[in-house]
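A.B. asks: Attaching a single structure in structure tokens format; questions to follow.
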Amino acid sequence: MRAFSGAAMCVVLLSCFSHAKSTFSSFSWALALPVGNTSAMTLPYTNWKRLDVGWDAGMTFFGKPFLKLDNASSDLALGGKISYSRWKRDSTLTPVTFLGMQGILRYFIPSQYLPPMIEPFDLFAQAGGGLFIGEYGFTSPDTTDWSQPPAEVKVTEGKKYFGMNVGVGINWNVIEIMPVVTMVFTNKPSMWLSISAGMTF
């Protein structure tokens, strides 16, 4: 049943995308700044280590299926995003990573509501949610197996989590800049702020 639901959602998204008058893709790279607690306990249980600043990269596709309508919905875009996020924890050999697959909703603010000074730019707001796969959350215990030689790293199976993002952005010609807050619902939620720069084509 889950596979059927997932396939149906993909068909709906791709249908909207393929029938849209105006379709776009963008590739972005971002600094990923952890938000909130990222402390993890390490042996001998007296050390607490935190995540360093990480990075993420993403491919976004979206289209405007309601472009023909002469109302507020004509500025609405639907699409999806595939992303990879990575951080290094200073106490471990194993990075913290998430592979994300999300549906997104993007709304372009009509130019008549913007000050004349930013007229060359397109402002938009974006929200999305979907599946994230990762072995560890930000506060998971140390990933180094201290009972083994120093080079030995624990290998665990990837776990599936729900996650969501919200952000605002600005487009100028083919350049896109967007700060986004993403939250993944691991045992204790993992949240980060991405300051992304990308190209739309």
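Residues in the structure tokens are numbered from 1 in each chain, the chains being A, B, ... in the order shown, and ligands are numbered from 1 in the order shown.
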Mind checking which residues fall within 10 Å of Ile175 in chain A, counting only C-alpha atoms, ignoring those fewer than 4 positions away in the same chain, and posting them as a ChimeraX atom specification?
C.D. replies: /A:26,28,121,170-171,197-201
A.B. asks: If you keep all heavy atoms, can you produce a file of those selected residues as a PDB file, in the first residue's frame?
C.D. replies:
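Written output follows (again.pdb):
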```
ATOM      1  N   SER A  26      16.625  23.710 -10.753  1.00  0.00           N
ATOM      2  CA  SER A  26      17.732  24.473 -10.168  1.00  0.00           C
ATOM      3  C   SER A  26      18.635  23.541  -9.385  1.00  0.00           C
ATOM      4  O   SER A  26      18.177  22.566  -8.790  1.00  0.00           O
ATOM      5  CB  SER A  26      17.217  25.602  -9.269  1.00  0.00           C
ATOM      6  OG  SER A  26      16.592  25.082  -8.125  1.00  0.00           O
ATOM      7  N   SER A  28      21.575  23.682  -6.401  1.00  0.00           N
ATOM      8  CA  SER A  28      22.085  24.603  -5.374  1.00  0.00           C
ATOM      9  C   SER A  28      23.065  23.903  -4.441  1.00  0.00           C
ATOM     10  O   SER A  28      23.018  22.675  -4.267  1.00  0.00           O
ATOM     11  CB  SER A  28      20.928  25.188  -4.559  1.00  0.00           C
ATOM     12  OG  SER A  28      20.205  24.160  -3.917  1.00  0.00           O
ATOM     13  N   PHE A 121      14.117  41.665  -9.389  1.00  0.00           N
ATOM     14  CA  PHE A 121      14.225  40.381  -8.721  1.00  0.00           C
ATOM     15  C   PHE A 121      12.856  39.729  -8.553  1.00  0.00           C
ATOM     16  O   PHE A 121      11.836  40.402  -8.472  1.00  0.00           O
ATOM     17  CB  PHE A 121      14.862  40.551  -7.328  1.00  0.00           C
ATOM     18  CG  PHE A 121      16.212  41.219  -7.362  1.00  0.00           C
ATOM     19  CD1 PHE A 121      16.338  42.571  -7.097  1.00  0.00           C
ATOM     20  CD2 PHE A 121      17.344  40.492  -7.674  1.00  0.00           C
ATOM     21  CE1 PHE A 121      17.579  43.190  -7.133  1.00  0.00           C
ATOM     22  CE2 PHE A 121      18.585  41.098  -7.710  1.00  0.00           C
ATOM     23  CZ  PHE A 121      18.701  42.449  -7.436  1.00  0.00           C
ATOM     24  N   ILE A 170      15.214  34.533  -3.465  1.00  0.00           N
ATOM     25  CA  ILE A 170      15.221  35.610  -4.458  1.00  0.00           C
ATOM     26  C   ILE A 170      15.881  35.071  -5.726  1.00  0.00           C
ATOM     27  O   ILE A 170      16.890  34.362  -5.665  1.00  0.00           O
ATOM     28  CB  ILE A 170      15.965  36.849  -3.905  1.00  0.00           C
ATOM     29  CG1 ILE A 170      15.828  38.023  -4.855  1.00  0.00           C
ATOM     30  CG2 ILE A 170      17.417  36.547  -3.597  1.00  0.00           C
ATOM     31  CD1 ILE A 170      16.271  39.345  -4.250  1.00  0.00           C
ATOM     32  N   ASN A 171      15.257  35.353  -6.849  1.00  0.00           N
ATOM     33  CA  ASN A 171      15.801  34.995  -8.160  1.00  0.00           C
ATOM     34  C   ASN A 171      16.214  36.251  -8.893  1.00  0.00           C
ATOM     35  O   ASN A 171      15.481  37.242  -8.892  1.00  0.00           O
ATOM     36  CB  ASN A 171      14.731  34.287  -9.011  1.00  0.00           C
ATOM     37  CG  ASN A 171      14.672  32.808  -8.741  1.00  0.00           C
ATOM     38  OD1 ASN A 171      15.510  32.263  -8.051  1.00  0.00           O
ATOM     39  ND2 ASN A 171      13.664  32.164  -9.276  1.00  0.00           N
ATOM     40  N   ALA A 197      23.035  28.914  -2.507  1.00  0.00           N
ATOM     41  CA  ALA A 197      23.175  29.658  -3.744  1.00  0.00           C
ATOM     42  C   ALA A 197      23.104  28.655  -4.874  1.00  0.00           C
ATOM     43  O   ALA A 197      23.646  27.559  -4.781  1.00  0.00           O
ATOM     44  CB  ALA A 197      24.503  30.400  -3.781  1.00  0.00           C
ATOM     45  N   GLY A 198      22.363  29.009  -5.934  1.00  0.00           N
ATOM     46  CA  GLY A 198      22.196  28.054  -7.012  1.00  0.00           C
ATOM     47  C   GLY A 198      21.931  28.736  -8.335  1.00  0.00           C
ATOM     48  O   GLY A 198      21.915  29.962  -8.452  1.00  0.00           O
ATOM     49  N   MET A 199      21.725  27.894  -9.344  1.00  0.00           N
ATOM     50  CA  MET A 199      21.425  28.361 -10.688  1.00  0.00           C
ATOM     51  C   MET A 199      20.138  27.719 -11.148  1.00  0.00           C
ATOM     52  O   MET A 199      19.932  26.523 -10.977  1.00  0.00           O
ATOM     53  CB  MET A 199      22.563  28.015 -11.649  1.00  0.00           C
ATOM     54  CG  MET A 199      23.869  28.697 -11.307  1.00  0.00           C
ATOM     55  SD  MET A 199      25.103  28.481 -12.595  1.00  0.00           S
ATOM     56  CE  MET A 199      24.414  29.445 -13.917  1.00  0.00           C
ATOM     57  N   THR A 200      19.262  28.517 -11.728  1.00  0.00           N
ATOM     58  CA  THR A 200      17.988  28.039 -12.264  1.00  0.00           C
ATOM     59  C   THR A 200      18.080  27.986 -13.772  1.00  0.00           C
ATOM     60  O   THR A 200      18.610  28.900 -14.398  1.00  0.00           O
ATOM     61  CB  THR A 200      16.844  28.987 -11.847  1.00  0.00           C
ATOM     62  OG1 THR A 200      16.803  29.056 -10.424  1.00  0.00           O
ATOM     63  CG2 THR A 200      15.507  28.476 -12.352  1.00  0.00           C
ATOM     64  N   PHE A 201      17.590  26.886 -14.334  1.00  0.00           N
ATOM     65  CA  PHE A 201      17.646  26.751 -15.792  1.00  0.00           C
ATOM     66  C   PHE A 201      16.400  26.035 -16.304  1.00  0.00           C
ATOM     67  O   PHE A 201      15.603  25.554 -15.524  1.00  0.00           O
ATOM     68  CB  PHE A 201      18.911  26.001 -16.227  1.00  0.00           C
ATOM     69  CG  PHE A 201      19.181  24.751 -15.445  1.00  0.00           C
ATOM     70  CD1 PHE A 201      18.674  23.534 -15.886  1.00  0.00           C
ATOM     71  CD2 PHE A 201      19.911  24.787 -14.266  1.00  0.00           C
ATOM     72  CE1 PHE A 201      18.932  22.373 -15.170  1.00  0.00           C
ATOM     73  CE2 PHE A 201      20.159  23.617 -13.547  1.00  0.00           C
ATOM     74  CZ  PHE A 201      19.682  22.416 -13.998  1.00  0.00           C
TER      75      PHE A 201
END
```
A.B. asks: Can you tell me, as a ChimeraX atom specification, what residues are no more than 7 Å from Leu78 in chain A when counting only C-alpha atoms, ignoring any on the same chain fewer than 4 positions away?
C.D. replies: /A:62-64,104-106
A.B. asks: Pull C-alpha atoms from the residues just selected and write them as a short mmCIF file (atom, residue, chain, number, x, y, z; two decimals), in the first residue's frame.
C.D. replies:
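Listed below is the output, again20.cif:
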```cif
data_model
loop_
_atom_site.label_atom_id
_atom_site.label_comp_id
_atom_site.auth_asym_id
_atom_site.auth_seq_id
_atom_site.Cartn_x
_atom_site.Cartn_y
_atom_site.Cartn_z
CA PHE A 62 9.11 22.85 -10.31
CA GLY A 63 6.47 24.10 -12.70
CA LYS A 64 3.53 26.52 -12.75
CA ILE A 104 7.67 21.32 -2.61
CA LEU A 105 5.25 24.19 -3.01
CA ARG A 106 6.70 27.53 -4.14
#
```
A.B. asks: For a quick check of understanding, using only C-alpha atoms, which of A:Gly158, A:Gly169, A:Gly103, A:Gly54 has the smallest distance to Tyr136 in chain A?
C.D. replies: A:Gly158
A.B. asks: For Ile109 in chain A, find every residue with an atom within 12 Å (counting only C-alpha atoms), except residues of its own chain fewer than 3 positions away, and show them as a ChimeraX atom specification.
C.D. replies: /A:72-77,106,112-115,118-119,121-126,168-171
A.B. asks: At what distance in Å, to one decimal, does CA of Thr139 in chain A lie from CA of Asn187 in chain A?
C.D. replies: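 Distance reported for this atom pair: 8.5 Å.
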A.B. asks: Between CA of Tyr161 in chain A and CA of Phe132 in chain A, what is the distance in Å, rounded to a tenth?
C.D. replies: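 Between these atoms lies a distance of 5.1 Å.
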A.B. asks: Identify which of the residues A:Lys49, A:Lys81, A:Lys68, A:Lys88 lies closest to Met164 in chain A, counting only C-alpha atoms when measuring atom-to-atom distances.
C.D. replies: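 Closest to Met164 in chain A, using only C-alpha atoms: A:Lys81.
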A.B. asks: For Met178 in chain A, which residue among A:Ile195, A:Gly163, A:Phe138, A:Leu51 is the nearest when counting only C-alpha atoms?
C.D. replies: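 Result for the nearest residue to Met178 in chain A: A:Ile195.
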A.B. asks: Using only C-alpha atoms, which of the listed residues (A:Phe24, A:Ser194, A:Pro189, A:Ile82) sits closest to Pro65 in chain A?
C.D. replies: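 Of the candidates, the smallest distance to Pro65 in chain A is held by A:Phe24.
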A.B. asks: Name the closest residue to Ala32 in chain A among the candidates A:Phe108, A:Phe98, A:Phe61, A:Phe162; distances are taken between atoms, counting only C-alpha atoms.
C.D. replies: A:Phe98
A.B. asks: Mind giving me the straight-line distance from CA of Ile133 in chain A to CA of Gln102 in chain A in Å, one decimal?
C.D. replies: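 Pair CA of Ile133 in chain A / CA of Gln102 in chain A returns 11.5 Å.
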A.B. asks: Please determine, counting only C-alpha atoms, which residue among A:Gly58, A:Pro110, A:Arg86, A:Ala30 has the shortest atom-to-atom distance to Asp70 in chain A.
C.D. replies: A:Pro110
